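Chemist: Have a peek at model-v1.txt (compact mmCIF, C-alpha atoms).
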# COMPACT_ATOMS: atom_id res chain seq x y z
CA MET A 207 72.28 87.03 76.54
CA THR A 208 74.02 83.85 75.42
CA THR A 209 73.92 80.74 77.53
CA LYS A 210 77.33 79.32 78.41
CA THR A 211 77.03 75.57 77.82
CA GLY A 212 79.48 72.78 78.54
CA ILE A 213 79.24 69.06 77.87
CA PHE A 214 80.55 66.16 79.93
CA VAL A 215 80.56 62.95 77.90
CA GLY A 216 81.25 59.30 78.57
CA SER A 217 79.80 55.82 78.69
CA PHE A 218 79.30 56.20 82.46
CA ASN A 219 79.12 52.45 83.01
CA PRO A 220 78.57 53.06 85.86
CA PHE A 221 78.47 56.77 86.77
CA THR A 222 80.78 56.99 89.81
CA VAL A 223 81.41 59.39 92.68
CA GLY A 224 84.38 60.62 90.62
CA HIS A 225 82.07 61.57 87.74
CA ASP A 226 79.71 63.25 90.20
CA SER A 227 82.61 65.27 91.63
CA ILE A 228 83.54 66.54 88.16
CA VAL A 229 79.92 67.48 87.40
CA ARG A 230 79.46 69.36 90.66
CA ARG A 231 82.78 71.19 90.29
CA ALA A 232 82.12 72.07 86.62
CA LEU A 233 78.57 73.30 87.19
CA PRO A 234 79.51 76.79 88.49
CA LEU A 235 81.44 77.40 85.24
CA PHE A 236 78.34 77.12 83.05
CA ASP A 237 74.74 78.20 82.78
CA ARG A 238 73.96 74.76 81.38
CA LEU A 239 75.86 71.48 81.64
CA VAL A 240 74.80 68.62 79.39
CA ILE A 241 75.88 65.14 80.41
CA GLY A 242 76.18 63.14 77.19
CA VAL A 243 75.83 59.40 77.63
CA VAL A 244 77.28 57.27 74.85
CA GLY A 245 74.36 55.68 73.04
CA ASP A 246 73.73 52.04 72.41
CA GLN A 247 76.00 51.90 69.36
CA VAL A 248 78.84 51.09 71.77
CA ARG A 249 78.14 47.72 73.34
CA LYS A 250 80.29 46.27 76.03
CA PRO A 251 79.57 43.07 77.95
CA ASP A 252 76.95 43.61 80.65
CA MET A 253 76.56 47.30 79.72
CA PRO A 254 73.15 48.67 80.67
CA SER A 255 71.26 50.39 77.87
CA ALA A 256 71.81 54.08 77.26
CA GLU A 257 68.25 54.66 78.47
CA GLU A 258 69.02 52.96 81.82
CA ARG A 259 72.27 54.90 82.29
CA ILE A 260 70.59 58.20 81.33
CA LYS A 261 67.73 57.62 83.78
CA ALA A 262 70.09 56.79 86.65
CA ILE A 263 72.13 59.96 86.05
CA ALA A 264 69.08 62.16 85.45
CA ASP A 265 67.59 60.94 88.74
CA LEU A 266 70.72 62.11 90.56
CA TYR A 267 70.34 65.65 89.24
CA GLN A 268 66.57 65.94 88.96
CA ASP A 269 66.62 68.96 91.28
CA VAL A 270 69.40 70.75 89.36
CA PRO A 271 67.78 72.61 86.44
CA ALA A 272 71.13 73.57 84.87
CA ILE A 273 71.95 69.89 84.22
CA GLU A 274 70.53 67.91 81.31
CA VAL A 275 71.29 64.27 80.54
CA LYS A 276 71.05 63.10 76.93
CA PRO A 277 72.30 60.29 74.69
CA TYR A 278 74.95 61.09 72.14
CA TYR A 279 76.23 59.27 69.09
CA GLY A 280 79.40 59.88 67.15
CA LEU A 281 82.00 62.49 67.97
CA ALA A 282 81.90 64.60 71.12
CA VAL A 283 82.51 67.72 69.04
CA ASP A 284 79.40 66.97 66.96
CA PHE A 285 77.42 66.59 70.18
CA ALA A 286 78.91 69.88 71.41
CA ARG A 287 77.80 71.62 68.21
CA ALA A 288 74.30 70.13 68.48
CA GLU A 289 74.04 71.43 72.07
CA ASN A 290 75.57 74.82 71.16
CA ALA A 291 78.37 74.09 73.65
CA HIS A 292 81.81 75.65 73.33
CA PHE A 293 83.42 73.53 76.04
CA ILE A 294 83.99 69.85 76.74
CA VAL A 295 84.62 69.02 80.40
CA LYS A 296 86.87 66.06 81.17
CA GLY A 297 88.12 64.57 84.41
CA VAL A 298 91.78 63.61 84.79
CA ARG A 299 93.02 61.13 87.41
CA SER A 300 96.61 60.54 86.33
CA VAL A 301 99.41 61.48 83.97
CA LYS A 302 98.16 58.72 81.65
CA ASP A 303 94.68 60.32 81.59
CA PHE A 304 96.23 63.75 81.07
CA GLU A 305 98.22 62.69 77.99
CA TYR A 306 95.20 60.99 76.44
CA GLU A 307 92.89 63.95 77.14
CA ARG A 308 95.47 66.48 75.91
CA GLU A 309 95.69 64.69 72.58
CA GLN A 310 91.90 64.51 72.32
CA ALA A 311 91.61 68.21 73.22
CA ASP A 312 94.07 69.15 70.47
CA ILE A 313 92.13 67.17 67.85
CA ASN A 314 88.75 68.45 69.05
CA ARG A 315 89.96 72.06 68.97
CA SER A 316 91.39 71.66 65.46
CA LEU A 317 88.19 69.97 64.19
CA SER A 318 85.71 72.37 65.72
CA GLY A 319 87.19 75.14 67.83
CA VAL A 320 85.61 73.55 70.92
CA GLU A 321 87.85 73.93 73.96
CA THR A 322 88.41 71.22 76.57
CA ILE A 323 88.47 72.02 80.26
CA LEU A 324 90.35 69.49 82.37
CA LEU A 325 89.40 69.10 86.01
CA TYR A 326 91.74 67.05 88.13
CA ALA A 327 90.20 64.31 90.24
CA GLU A 328 89.94 65.02 93.91
CA PRO A 329 92.57 62.85 95.67
CA GLN A 330 90.01 60.57 97.32
CA PHE A 331 88.56 59.73 93.87
CA SER A 332 91.77 59.39 91.85
CA SER A 333 91.77 55.58 91.97
CA ILE A 334 88.08 55.13 91.17
CA SER A 335 87.13 54.12 87.65
CA SER A 336 84.02 52.61 86.14
CA SER A 337 85.99 49.53 85.10
CA MET A 338 87.25 49.05 88.67
CA VAL A 339 83.68 49.33 89.99
CA ARG A 340 82.43 46.82 87.40
CA GLU A 341 85.16 44.36 88.34
CA LEU A 342 84.34 44.63 92.04
CA GLN A 343 80.65 44.14 91.24
CA HIS A 344 81.53 41.05 89.22
CA PHE A 345 83.08 39.53 92.35
CA GLY A 346 80.11 40.42 94.53
CA VAL A 347 81.69 43.35 96.38
CA ASP A 348 79.38 46.08 97.69
CA VAL A 349 80.29 49.08 95.52
CA SER A 350 77.81 51.57 96.98
CA ALA A 351 80.65 53.71 98.37
CA PHE A 352 81.81 54.33 94.78
CA LEU A 353 78.39 55.34 93.44
CA PRO A 354 76.84 58.76 94.06
CA LYS A 355 73.66 59.17 96.02
CA ARG A 356 71.05 61.74 95.17
CA SER A 357 71.39 64.74 97.46
CA LYS A 358 68.25 65.51 99.36
Output the file's structure in the form of structure tokens.
Modeler:
Amino acid sequence: MTTKTGIFVGSFNPFTVGHDSIVRRALPLFDRLVIGVVGDQVRKPDMPSAEERIKAIADLYQDVPAIEVKPYYGLAVDFARAENAHFIVKGVRSVKDFEYEREQADINRSLSGVETILLYAEPQFSSISSSMVRELQHFGVDVSAFLPKRSK
């Protein structure tokens, strides 16, 4: 029997409740979901290391054996191939996100045959982005409501 694997990739700086929603909604579609965290080759100001981001996400899902969290470098389609995944999962919050992800999906499919599955953000998460959370943190705002908590 073949294992149906999907990947969900991003810098996840930080991993938000919106990301968590996409992961939890995508999980029933796959036997295995690999969360690919952009490695340290992409440096942004105040960006925690890939190792720190991976650990934080892995801790959230430590009780979910179908989820793995790994670093990835280069193209998402190369990571998909390395993980034997035939699907890339992406979250979409707006028309702007949709257009960007549609273009990426077309290129990824033509390069590799890997399909992209778009999951629309739940309405309560449609305004949440990692950059918004980082900006609020910069100004000392408590952002805990925007960050997922490990389910007990």
Chemist: Closest to Lys355 (chain A) among A:Ala282, A:Ser332, A:Tyr267, A:Val244, using all atoms listed in the file?
Modeler: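 Closest candidate: A:Tyr267.
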Chemist: Taking all atoms listed in the file into account, name the residue in A:Thr222, A:Thr208, A:Asn290, A:Gln268 that is nearest to Val349 (chain A).
Modeler: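 Checking each of A:Thr222, A:Thr208, A:Asn290, A:Gln268 against Val349 (chain A), counting all atoms listed in the file, the winner is A:Thr222.
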Chemist: Skip Asp312 (chain A) itself and residues of its chain fewer than 6 positions away, then list as a PyMOL selection string all residues within 10 Å of it, counting all atoms listed in the file.
Modeler: chain A and resi 319-322
Chemist: Just to confirm, what's the straight-line distance from CA of Ile313 (chain A) to CA of Val283 (chain A) in Å (one decimal)?
Modeler: 9.7 Å
Chemist: Which one of A:Leu342, A:Leu235, A:Ile241, A:Ala351 sits closest to Ile263 (chain A) if you count only C-alpha atoms?
Modeler: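 Smallest distance to Ile263 (chain A) is found for A:Ile241.
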Chemist: Between A:Ile213, A:Ala286, A:Ala327, A:Val223, single out the one closest to Asp303 (chain A), counting only C-alpha atoms.
Modeler: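 Under the stated criterion, the closest residue is A:Ala327.
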Chemist: Identify which of the residues A:Leu233, A:Ser227, A:Asp265, A:Asp252 lies closest to Ser337 (chain A), counting only C-alpha atoms when measuring atom-to-atom distances.
Modeler: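 Closest to Ser337 (chain A) of all the choices is A:Asp252.
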Chemist: Using all atoms listed in the file, which protein or nucleic acid residues come within 10 Å of Lys296 (chain A)? Drop anything in the same chain fewer than 5 positions from it, and give the result as a VMD selection string.
Modeler: chain A and resid 213 to 216 225 228 to 229 232 303 to 304 307 311 322 to 327
Chemist: Could you tell me which of A:Met207, A:Val270, A:Leu281, A:Met253 comes closest to Ile294 (chain A) if we count only C-alpha atoms?
Modeler: A:Leu281
Chemist: What is the distance, in Å and to one decimal place, between CA of Glu257 (chain A) and CA of Ile334 (chain A)?
Modeler: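 Here the two named atoms are 23.6 Å from each other.
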